[in-house]
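Chemist: I'm passing along upload-v2.cif; it holds mmCIF, C-alpha atoms.
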```cif
data_input
loop_
_atom_site.label_atom_id
_atom_site.label_comp_id
_atom_site.auth_asym_id
_atom_site.auth_seq_id
_atom_site.Cartn_x
_atom_site.Cartn_y
_atom_site.Cartn_z
CA MET J 190 0.00 0.00 0.00
CA PRO J 191 1.34 3.49 -0.81
CA ALA J 192 2.48 5.66 2.09
CA PHE J 193 0.54 8.69 3.27
CA LEU J 194 2.10 12.14 3.51
CA ILE J 195 2.35 13.96 6.82
CA ASP J 196 3.42 17.53 7.58
CA PRO J 197 6.35 17.40 10.07
CA LYS J 198 4.75 20.30 11.94
CA ARG J 199 1.74 18.09 12.72
CA ILE J 200 3.75 15.59 14.75
CA LYS J 201 3.62 15.91 18.54
CA ASP J 202 3.89 13.66 21.62
CA GLY J 203 4.20 10.44 19.64
CA CYS J 204 1.18 11.15 17.47
CA LEU J 205 0.59 12.74 14.11
CA VAL J 206 -2.36 14.32 12.39
CA PHE J 207 -3.04 13.68 8.71
CA SER J 208 -4.40 16.54 6.63
CA ALA J 209 -8.01 16.51 5.41
CA GLU J 210 -6.77 15.49 1.93
CA GLU J 211 -4.77 12.53 3.26
CA ALA J 212 -7.62 11.61 5.61
CA HIS J 213 -9.87 11.42 2.54
CA HIS J 214 -7.38 9.10 0.84
CA ILE J 215 -7.36 6.87 3.94
CA ARG J 216 -11.15 6.58 3.89
CA VAL J 217 -11.26 5.96 0.13
CA ARG J 218 -8.97 2.96 0.66
CA ARG J 219 -11.41 1.64 3.30
CA ILE J 220 -8.78 1.54 6.02
CA SER J 221 -10.27 0.95 9.48
CA GLU J 222 -9.47 2.43 12.86
CA GLY J 223 -6.71 0.45 14.56
CA GLU J 224 -4.99 -0.58 11.32
CA VAL J 225 -1.31 0.18 10.78
CA VAL J 226 -0.21 2.25 7.78
CA ASP J 227 2.99 3.79 6.47
CA ALA J 228 3.57 7.54 6.38
CA ILE J 229 6.36 9.82 5.17
CA ASP J 230 7.14 13.42 6.02
CA GLY J 231 8.65 14.16 2.60
CA VAL J 232 11.92 15.44 4.06
CA GLY J 233 13.60 12.18 4.99
CA THR J 234 11.68 10.25 7.65
CA ALA J 235 9.22 7.36 7.40
CA PHE J 236 6.76 6.21 10.06
CA ARG J 237 4.69 3.17 10.95
CA VAL J 238 1.41 4.49 12.30
CA ARG J 239 -1.62 3.00 14.03
CA LEU J 240 -4.77 4.92 13.16
CA LEU J 241 -6.64 6.09 16.26
CA ASN J 242 -9.48 8.27 15.07
CA LEU J 243 -11.17 8.29 11.68
CA ASP J 244 -14.29 10.23 12.66
CA ALA J 245 -13.02 13.80 12.26
CA ASP J 246 -11.91 15.52 9.06
CA GLU J 247 -8.31 15.07 10.19
CA VAL J 248 -7.20 11.53 11.00
CA VAL J 249 -5.00 10.99 14.09
CA GLY J 250 -2.36 8.26 14.25
CA GLN J 251 -0.02 6.88 16.91
CA ILE J 252 3.62 6.54 15.82
CA LEU J 253 4.84 2.98 16.30
CA GLU J 254 8.17 3.23 14.51
CA THR J 255 10.32 6.03 13.09
CA THR J 256 12.89 5.41 10.36
CA PRO J 257 15.12 8.32 9.32
CA GLY J 258 16.37 8.11 5.74
CA ALA J 259 14.05 5.26 4.80
CA LEU J 260 14.68 4.01 1.24
CA GLU J 261 17.03 6.92 0.52
CA SER J 262 20.38 6.60 -1.21
CA ARG J 263 23.45 7.40 0.88
CA HIS J 264 24.82 9.32 -2.11
CA GLU J 265 22.98 12.39 -3.39
CA LEU J 266 22.33 12.35 -7.12
CA HIS J 267 21.21 15.62 -8.69
CA LEU J 268 19.67 15.00 -12.10
CA VAL J 269 20.17 17.92 -14.47
CA VAL J 270 18.06 17.17 -17.51
CA ALA J 271 17.08 19.20 -20.55
CA LEU J 272 13.42 20.03 -20.95
CA ILE J 273 11.59 17.60 -23.21
CA LYS J 274 8.52 18.30 -25.32
CA GLY J 275 5.15 16.77 -24.55
CA GLN J 276 4.54 14.96 -21.28
CA ARG J 277 7.78 13.01 -21.32
CA PHE J 278 9.34 15.32 -18.74
CA ASP J 279 6.50 14.32 -16.40
CA THR J 280 7.68 10.72 -16.81
CA VAL J 281 11.25 11.73 -16.04
CA VAL J 282 10.13 13.37 -12.77
CA GLU J 283 8.03 10.37 -11.78
CA LYS J 284 10.64 7.70 -12.53
CA ALA J 285 13.57 9.72 -11.18
CA THR J 286 11.66 10.02 -7.90
CA GLU J 287 11.01 6.28 -7.81
CA ILE J 288 14.65 5.30 -8.34
CA GLY J 289 15.93 7.71 -5.67
CA VAL J 290 17.20 10.91 -7.32
CA HIS J 291 17.80 13.64 -4.72
CA THR J 292 16.88 16.70 -6.81
CA ILE J 293 15.77 17.32 -10.39
CA HIS J 294 16.97 20.39 -12.28
CA PRO J 295 15.09 21.17 -15.53
CA MET J 296 17.63 22.67 -17.91
CA ALA J 297 17.51 24.93 -20.96
CA THR J 298 20.18 24.23 -23.60
CA GLN J 299 20.95 25.43 -27.11
CA ARG J 300 19.05 22.52 -28.63
CA THR J 301 16.17 22.49 -26.16
CA VAL J 302 12.90 22.64 -28.08
CA VAL J 303 10.73 23.57 -25.07
CA ARG J 304 11.06 27.11 -23.74
CA GLY J 305 9.65 28.92 -20.72
CA ALA J 306 9.37 28.30 -17.00
CA GLY J 307 8.00 24.77 -17.28
CA LYS J 308 5.40 23.35 -14.88
CA PRO J 309 6.98 23.39 -11.37
CA GLU J 310 3.72 22.93 -9.46
CA ARG J 311 2.67 20.01 -11.66
CA TRP J 312 6.12 18.41 -11.34
CA HIS J 313 6.03 18.76 -7.56
CA ARG J 314 2.67 16.97 -7.43
CA ILE J 315 4.05 14.19 -9.64
CA ALA J 316 7.14 13.82 -7.43
CA MET J 317 4.99 13.77 -4.29
CA ALA J 318 2.68 11.07 -5.67
CA ALA J 319 5.65 8.97 -6.83
CA ALA J 320 7.39 9.23 -3.44
CA LYS J 321 4.23 8.10 -1.66
CA GLN J 322 3.75 5.25 -4.13
CA CYS J 323 7.26 3.83 -3.75
CA GLY J 324 7.59 4.56 -0.02
CA ARG J 325 10.72 6.69 -0.08
CA SER J 326 10.83 9.15 2.78
CA ARG J 327 11.96 12.24 0.88
CA ILE J 328 10.20 14.07 -1.95
CA PRO J 329 12.88 15.30 -4.35
CA GLU J 330 12.91 19.00 -5.08
CA VAL J 331 12.14 19.93 -8.68
CA ALA J 332 14.00 23.19 -9.20
CA GLN J 333 13.06 26.10 -11.42
CA VAL J 334 14.10 25.90 -15.05
CA ALA J 335 17.58 27.38 -15.52
CA SER J 336 20.31 27.52 -18.13
CA LEU J 337 23.04 24.91 -18.40
CA ASP J 338 25.68 27.50 -17.52
CA LYS J 339 23.92 28.59 -14.34
CA ILE J 340 23.23 25.08 -13.06
CA ALA J 341 26.73 23.79 -13.87
CA THR J 342 28.35 26.74 -12.10
CA GLN J 343 26.18 26.31 -9.01
CA CYS J 344 26.86 22.57 -8.81
CA ALA J 345 30.61 23.08 -9.21
CA ASP J 346 30.61 25.81 -6.56
CA GLN J 347 28.89 23.40 -4.16
CA GLY J 348 31.69 20.87 -4.61
CA MET J 349 29.69 18.28 -6.52
CA ALA J 350 31.19 15.87 -9.02
CA LEU J 351 29.84 16.70 -12.49
CA LEU J 352 29.10 13.88 -14.93
CA VAL J 353 27.91 14.27 -18.48
CA ALA J 354 26.65 11.56 -20.79
CA ASP J 355 28.57 11.73 -24.07
CA PRO J 356 28.54 8.93 -26.68
CA ALA J 357 31.73 10.30 -28.24
CA VAL J 358 34.05 9.31 -25.38
CA PRO J 359 35.50 5.87 -24.51
CA ASP J 360 35.31 6.06 -20.70
CA SER J 361 32.69 4.22 -18.68
CA ILE J 362 31.09 5.63 -15.56
CA GLU J 363 33.42 3.45 -13.46
CA ASP J 364 36.42 5.14 -15.11
CA VAL J 365 35.32 8.69 -14.25
CA TRP J 366 33.60 8.16 -10.88
CA GLN J 367 34.85 10.41 -8.06
CA ALA J 368 34.33 8.52 -4.81
CA ASP J 369 35.50 11.43 -2.64
CA LYS J 370 32.50 13.60 -3.55
CA THR J 371 29.35 13.64 -1.44
CA GLY J 372 27.08 14.55 -4.32
CA VAL J 373 26.94 14.03 -8.07
CA ALA J 374 25.31 16.25 -10.69
CA LEU J 375 24.39 14.17 -13.74
CA PHE J 376 23.86 16.24 -16.91
CA VAL J 377 21.63 14.69 -19.58
CA GLY J 378 21.17 16.63 -22.79
CA PRO J 379 18.17 17.23 -25.06
CA GLU J 380 17.18 15.46 -28.24
CA GLY J 381 20.24 15.93 -30.43
CA GLY J 382 22.56 16.14 -27.43
CA PHE J 383 24.76 18.94 -26.15
CA ASN J 384 26.65 21.07 -28.65
CA ALA J 385 30.43 21.44 -28.61
CA ASP J 386 30.38 24.73 -26.69
CA GLU J 387 28.23 23.25 -23.95
CA ILE J 388 30.48 20.22 -23.57
CA ALA J 389 33.48 22.55 -23.39
CA PHE J 390 31.81 24.68 -20.71
CA LEU J 391 30.93 21.62 -18.63
CA LYS J 392 34.52 20.40 -18.86
CA ASP J 393 35.73 23.84 -17.75
CA GLN J 394 33.60 23.33 -14.63
CA GLY J 395 35.32 20.00 -13.98
CA ALA J 396 32.77 17.70 -15.61
CA ARG J 397 33.83 14.21 -16.65
CA SER J 398 32.25 12.54 -19.66
CA PHE J 399 31.25 8.89 -19.90
CA VAL J 400 29.57 6.59 -22.38
CA TRP J 401 26.80 4.15 -21.40
CA GLY J 402 26.70 1.72 -24.33
CA GLU J 403 26.35 1.37 -28.07
CA ARG J 404 22.73 2.43 -28.55
CA ILE J 405 21.31 5.93 -28.80
CA LEU J 406 18.67 6.56 -26.14
CA ARG J 407 15.80 9.02 -26.23
CA ALA J 408 16.32 11.93 -23.86
CA ASP J 409 13.72 10.76 -21.34
CA THR J 410 14.99 7.18 -21.43
CA ALA J 411 18.58 8.37 -20.99
CA ALA J 412 17.66 10.46 -17.95
CA ILE J 413 16.23 7.44 -16.12
CA VAL J 414 18.70 4.79 -17.28
CA LEU J 415 21.76 6.93 -16.53
CA SER J 416 20.38 8.02 -13.15
CA ALA J 417 19.92 4.37 -12.18
CA LEU J 418 23.44 3.65 -13.44
CA ALA J 419 24.90 6.48 -11.35
CA LEU J 420 23.01 5.44 -8.22
CA ASP J 421 24.17 1.86 -8.64
CA GLN J 422 27.75 3.07 -9.04
CA ALA J 423 27.38 5.08 -5.82
CA ARG J 424 26.04 2.00 -4.03
CA ARG J 425 28.95 -0.11 -5.25
CA HIS J 426 31.48 2.41 -3.95
CA SER J 427 29.65 2.63 -0.63
CA VAL J 428 29.82 -1.16 -0.27
CA GLN J 429 33.49 -1.26 -1.22
CA SER J 430 34.36 1.48 1.26
CA THR J 431 32.98 -0.66 4.13
CA ILE J 432 35.06 -3.74 3.26
CA PRO J 433 38.28 -3.93 5.30
CA GLN J 434 41.46 -3.63 3.29
CA GLY J 435 42.71 -7.02 2.11
CA VAL J 436 39.29 -8.66 2.40
CA SER J 437 37.42 -9.73 -0.72
CA GLU J 438 33.76 -8.79 -1.15
#
```
Could you express the structure from this file as structure tokens?
Modeler:
Amino acid sequence: MPAFLIDPKRIKDGCLVFSAEEAHHIRVRRISEGEVVDAIDGVGTAFRVRLLNLDADEVVGQILETTPGALESRHELHLVVALIKGQRFDTVVEKATEIGVHTIHPMATQRTVVRGAGKPERWHRIAMAAAKQCGRSRIPEVAQVASLDKIATQCADQGMALLVADPAVPDSIEDVWQADKTGVALFVGPEGGFNADEIAFLKDQGARSFVWGERILRADTAAIVLSALALDQARRHSVQSTIPQGVSE
């Protein structure tokens, strides 16, 4: 069953109060008083909750278990992805949330077909629904649309490792991974890819390019596949870092 969302400000003395909207969702699913459900606060904590009162507009629950960082990656992945026409960017937001991306940065590039401010409120709702569905405790932020130059500079200034998908290079993600960084900004270009000036600018900011395989992926497919690849690489390095020196995994 999907988790229910709770405002952290509505938690007190071992109990929490669901909003009228979430209370409605609880009733629609025919959940009874005394049943145990999952809840998330959207900022990194999950709860097991016993429902105490379903009579009022706002449902009250008793917290049975608290799990900080539930279903969250230990390594922060910031997906920087070019805007895509149609509703395919909605899919990127939904699936990136499900696989564990920390933040999503919609990006304008030279070859971006879509222009404007995008749909931040819609994307936030999609991310919230996806987080509840998959049970992760944090709803990823979907930032305002910004230029490649601005996002790359900000990420570099924050000390992130910058990765860019580029089919023209021979290196794999394992070859360019920087294990000493706490966060990774993954840049995925638009249909047609980045132009030469954009690649040069990213490299000036310290970005490392990698290739994922022999096939050309659509922009929305690439955003999800490469995010999953980066998160798996982060997991592998986390596992390796916990193995004592001289001991095989």
Chemist: Do you have the CA of Ala192 in chain J-CA of Trp312 in chain J distance handy?
Modeler: 18.9 Å
Chemist: Can you pull out every residue within 10 Å of Trp401 in chain J, counting all atoms listed in the file, but drop anything in the same chain fewer than 6 positions away, and send it as a CSV table (one decimal) with C-alpha atoms, in the frame of the given file?
Modeler:
```
chain,number,residue,atom,x,y,z
J,354,ALA,CA,26.6,11.6,-20.8
J,355,ASP,CA,28.6,11.7,-24.1
J,356,PRO,CA,28.5,8.9,-26.7
J,358,VAL,CA,34.0,9.3,-25.4
J,359,PRO,CA,35.5,5.9,-24.5
J,360,ASP,CA,35.3,6.1,-20.7
J,361,SER,CA,32.7,4.2,-18.7
J,362,ILE,CA,31.1,5.6,-15.6
J,411,ALA,CA,18.6,8.4,-21.0
J,414,VAL,CA,18.7,4.8,-17.3
J,415,LEU,CA,21.8,6.9,-16.5
J,418,LEU,CA,23.4,3.6,-13.4
```
Chemist: Can you list what the PyMOL selection byres ((chain J and resi 277) around 12) grabs from this structure, as a PDB file with C-alpha atoms, in the frame of the given file?
Modeler:
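Now in expr-v9.pdb:
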```
ATOM      1  CA  VAL J 270      18.060  17.170 -17.510  1.00  0.00           C
ATOM      2  CA  ALA J 271      17.080  19.200 -20.550  1.00  0.00           C
ATOM      3  CA  LEU J 272      13.420  20.030 -20.950  1.00  0.00           C
ATOM      4  CA  ILE J 273      11.590  17.600 -23.210  1.00  0.00           C
ATOM      5  CA  LYS J 274       8.520  18.300 -25.320  1.00  0.00           C
ATOM      6  CA  GLY J 275       5.150  16.770 -24.550  1.00  0.00           C
ATOM      7  CA  GLN J 276       4.540  14.960 -21.280  1.00  0.00           C
ATOM      8  CA  PHE J 278       9.340  15.320 -18.740  1.00  0.00           C
ATOM      9  CA  ASP J 279       6.500  14.320 -16.400  1.00  0.00           C
ATOM     10  CA  THR J 280       7.680  10.720 -16.810  1.00  0.00           C
ATOM     11  CA  VAL J 281      11.250  11.730 -16.040  1.00  0.00           C
ATOM     12  CA  VAL J 282      10.130  13.370 -12.770  1.00  0.00           C
ATOM     13  CA  GLU J 283       8.030  10.370 -11.780  1.00  0.00           C
ATOM     14  CA  LYS J 284      10.640   7.700 -12.530  1.00  0.00           C
ATOM     15  CA  VAL J 303      10.730  23.570 -25.070  1.00  0.00           C
ATOM     16  CA  TRP J 312       6.120  18.410 -11.340  1.00  0.00           C
ATOM     17  CA  PRO J 379      18.170  17.230 -25.060  1.00  0.00           C
ATOM     18  CA  GLU J 380      17.180  15.460 -28.240  1.00  0.00           C
ATOM     19  CA  ARG J 407      15.800   9.020 -26.230  1.00  0.00           C
ATOM     20  CA  ALA J 408      16.320  11.930 -23.860  1.00  0.00           C
ATOM     21  CA  ASP J 409      13.720  10.760 -21.340  1.00  0.00           C
ATOM     22  CA  THR J 410      14.990   7.180 -21.430  1.00  0.00           C
ATOM     23  CA  ALA J 411      18.580   8.370 -20.990  1.00  0.00           C
ATOM     24  CA  ALA J 412      17.660  10.460 -17.950  1.00  0.00           C
ATOM     25  CA  ILE J 413      16.230   7.440 -16.120  1.00  0.00           C
TER      26      ILE J 413
END
```
Chemist: Grab the CA of Thr298 in chain J to CA of His264 in chain J distance for me, in Å with one decimal place.
Modeler: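 Taking CA of Thr298 in chain J as the start and CA of His264 in chain J as the end point, the length is 26.6 Å.
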Chemist: Hey, what's within 6 Å of range 382-397 of chain J if we count only C-alpha atoms and toss same-chain stuff fewer than 3 positions away? As a list in words, please?
Modeler: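 What passes the distance filter is Leu351, Leu352, Gly378 and Pro379 of chain J.
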Chemist: For CA of Val226 in chain J and CA of Pro197 in chain J, quote the distance in Å rounded to one decimal.
Modeler: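 Between CA of Val226 in chain J and CA of Pro197 in chain J the gap works out to 16.7 Å.
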Chemist: Can you pull out the residues contacting range 215-223 of chain J? Cut-off 9 Å, using all atoms listed in the file, and skip same-chain residues under 3 positions away; I want them as JSON, numbers by chain.
Modeler: {"J": [193, 210, 211, 212, 226, 239, 240, 241, 242, 243, 248, 250]}
Chemist: Ranking J:Ile200, J:Leu375, J:Leu253, J:Leu260 by minimum distance to Cys323 in chain J and counting all atoms listed in the file, which one comes first?
Modeler: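 The answer is J:Leu260, which sits nearest to Cys323 in chain J.
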Chemist: Find, counting all atoms listed in the file, the residue in J:Val269, J:Val373, J:Val365, J:Ile315 that gets nearest to Ala335 in chain J.
Modeler: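 Residue with the minimum atom-to-atom distance to Ala335 in chain J: J:Val269.
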Chemist: For Glu265 in chain J, which of J:Gln367, J:Gln251, J:Ser336, J:Thr292 is the closest residue, counting all atoms listed in the file?
Modeler: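 Nearest to Glu265 in chain J: J:Thr292.
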Chemist: Do you know which residues the PyMOL selection byres ((chain J and resi 324) around 12) returns on this file, as an mmCIF file with C-alpha atoms, keeping the file's coordinate frame?
Modeler:
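Dumped everything to expr-v4.cif:
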```cif
data_model
loop_
_atom_site.group_PDB
_atom_site.id
_atom_site.type_symbol
_atom_site.label_atom_id
_atom_site.label_comp_id
_atom_site.auth_asym_id
_atom_site.auth_seq_id
_atom_site.Cartn_x
_atom_site.Cartn_y
_atom_site.Cartn_z
ATOM 1 C CA MET J 190 0.000 0.000 0.000
ATOM 2 C CA PRO J 191 1.340 3.490 -0.810
ATOM 3 C CA ALA J 192 2.480 5.660 2.090
ATOM 4 C CA PHE J 193 0.540 8.690 3.270
ATOM 5 C CA LEU J 194 2.100 12.140 3.510
ATOM 6 C CA VAL J 226 -0.210 2.250 7.780
ATOM 7 C CA ASP J 227 2.990 3.790 6.470
ATOM 8 C CA ALA J 228 3.570 7.540 6.380
ATOM 9 C CA ILE J 229 6.360 9.820 5.170
ATOM 10 C CA ASP J 230 7.140 13.420 6.020
ATOM 11 C CA GLY J 231 8.650 14.160 2.600
ATOM 12 C CA GLY J 233 13.600 12.180 4.990
ATOM 13 C CA THR J 234 11.680 10.250 7.650
ATOM 14 C CA ALA J 235 9.220 7.360 7.400
ATOM 15 C CA PHE J 236 6.760 6.210 10.060
ATOM 16 C CA ARG J 237 4.690 3.170 10.950
ATOM 17 C CA THR J 256 12.890 5.410 10.360
ATOM 18 C CA GLY J 258 16.370 8.110 5.740
ATOM 19 C CA ALA J 259 14.050 5.260 4.800
ATOM 20 C CA LEU J 260 14.680 4.010 1.240
ATOM 21 C CA GLU J 261 17.030 6.920 0.520
ATOM 22 C CA THR J 286 11.660 10.020 -7.900
ATOM 23 C CA GLU J 287 11.010 6.280 -7.810
ATOM 24 C CA ILE J 288 14.650 5.300 -8.340
ATOM 25 C CA GLY J 289 15.930 7.710 -5.670
ATOM 26 C CA ALA J 316 7.140 13.820 -7.430
ATOM 27 C CA MET J 317 4.990 13.770 -4.290
ATOM 28 C CA ALA J 318 2.680 11.070 -5.670
ATOM 29 C CA ALA J 319 5.650 8.970 -6.830
ATOM 30 C CA ALA J 320 7.390 9.230 -3.440
ATOM 31 C CA LYS J 321 4.230 8.100 -1.660
ATOM 32 C CA GLN J 322 3.750 5.250 -4.130
ATOM 33 C CA CYS J 323 7.260 3.830 -3.750
ATOM 34 C CA ARG J 325 10.720 6.690 -0.080
ATOM 35 C CA SER J 326 10.830 9.150 2.780
ATOM 36 C CA ARG J 327 11.960 12.240 0.880
ATOM 37 C CA ILE J 328 10.200 14.070 -1.950
#
```
Chemist: For the file shown, report as a PyMOL selection string the outcome of the PyMOL selection byres ((chain J and resi 293) around 8) at residue level.
Modeler: chain J and resi 267-270+282+285+290-292+294-295+329-332
Chemist: For each of J:Ala368, J:Ala350, J:Val225, J:Leu406, take the minimum atom-to-atom distance to Gly381 in chain J, counting only C-alpha atoms, then give the residue where this is smallest.
Modeler: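 Of the candidates, the smallest distance to Gly381 in chain J is held by J:Leu406.
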Chemist: Kindly reconstruct range 209-220 of chain J with N, CA and C atoms and present the result as a PDB file, in the frame of the given file.
Modeler:
```
ATOM      1  N   ALA J 209      -6.682  16.914   5.889  1.00  0.00           N
ATOM      2  CA  ALA J 209      -8.010  16.510   5.410  1.00  0.00           C
ATOM      3  C   ALA J 209      -7.891  15.751   4.086  1.00  0.00           C
ATOM      4  N   GLU J 210      -6.947  16.171   3.219  1.00  0.00           N
ATOM      5  CA  GLU J 210      -6.770  15.490   1.930  1.00  0.00           C
ATOM      6  C   GLU J 210      -6.276  14.064   2.137  1.00  0.00           C
ATOM      7  N   GLU J 211      -5.272  13.876   3.010  1.00  0.00           N
ATOM      8  CA  GLU J 211      -4.770  12.530   3.260  1.00  0.00           C
ATOM      9  C   GLU J 211      -5.799  11.692   4.011  1.00  0.00           C
ATOM     10  N   ALA J 212      -6.555  12.322   4.909  1.00  0.00           N
ATOM     11  CA  ALA J 212      -7.620  11.610   5.610  1.00  0.00           C
ATOM     12  C   ALA J 212      -8.654  11.071   4.618  1.00  0.00           C
ATOM     13  N   HIS J 213      -8.934  11.871   3.590  1.00  0.00           N
ATOM     14  CA  HIS J 213      -9.870  11.420   2.540  1.00  0.00           C
ATOM     15  C   HIS J 213      -9.313  10.197   1.828  1.00  0.00           C
ATOM     16  N   HIS J 214      -8.003  10.237   1.514  1.00  0.00           N
ATOM     17  CA  HIS J 214      -7.380   9.100   0.840  1.00  0.00           C
ATOM     18  C   HIS J 214      -7.447   7.841   1.709  1.00  0.00           C
ATOM     19  N   ILE J 215      -7.283   8.008   3.018  1.00  0.00           N
ATOM     20  CA  ILE J 215      -7.360   6.870   3.940  1.00  0.00           C
ATOM     21  C   ILE J 215      -8.751   6.257   3.898  1.00  0.00           C
ATOM     22  N   ARG J 216      -9.774   7.091   3.900  1.00  0.00           N
ATOM     23  CA  ARG J 216     -11.150   6.580   3.890  1.00  0.00           C
ATOM     24  C   ARG J 216     -11.487   5.928   2.559  1.00  0.00           C
ATOM     25  N   VAL J 217     -10.999   6.518   1.459  1.00  0.00           N
ATOM     26  CA  VAL J 217     -11.260   5.960   0.130  1.00  0.00           C
ATOM     27  C   VAL J 217     -10.710   4.544   0.032  1.00  0.00           C
ATOM     28  N   ARG J 218      -9.586   4.300   0.696  1.00  0.00           N
ATOM     29  CA  ARG J 218      -8.970   2.960   0.660  1.00  0.00           C
ATOM     30  C   ARG J 218      -9.602   2.020   1.680  1.00  0.00           C
ATOM     31  N   ARG J 219     -10.647   2.471   2.362  1.00  0.00           N
ATOM     32  CA  ARG J 219     -11.410   1.640   3.300  1.00  0.00           C
ATOM     33  C   ARG J 219     -10.535   1.084   4.422  1.00  0.00           C
ATOM     34  N   ILE J 220      -9.626   1.926   4.900  1.00  0.00           N
ATOM     35  CA  ILE J 220      -8.780   1.540   6.020  1.00  0.00           C
ATOM     36  C   ILE J 220      -9.545   1.802   7.321  1.00  0.00           C
TER      37      ILE J 220
END
```
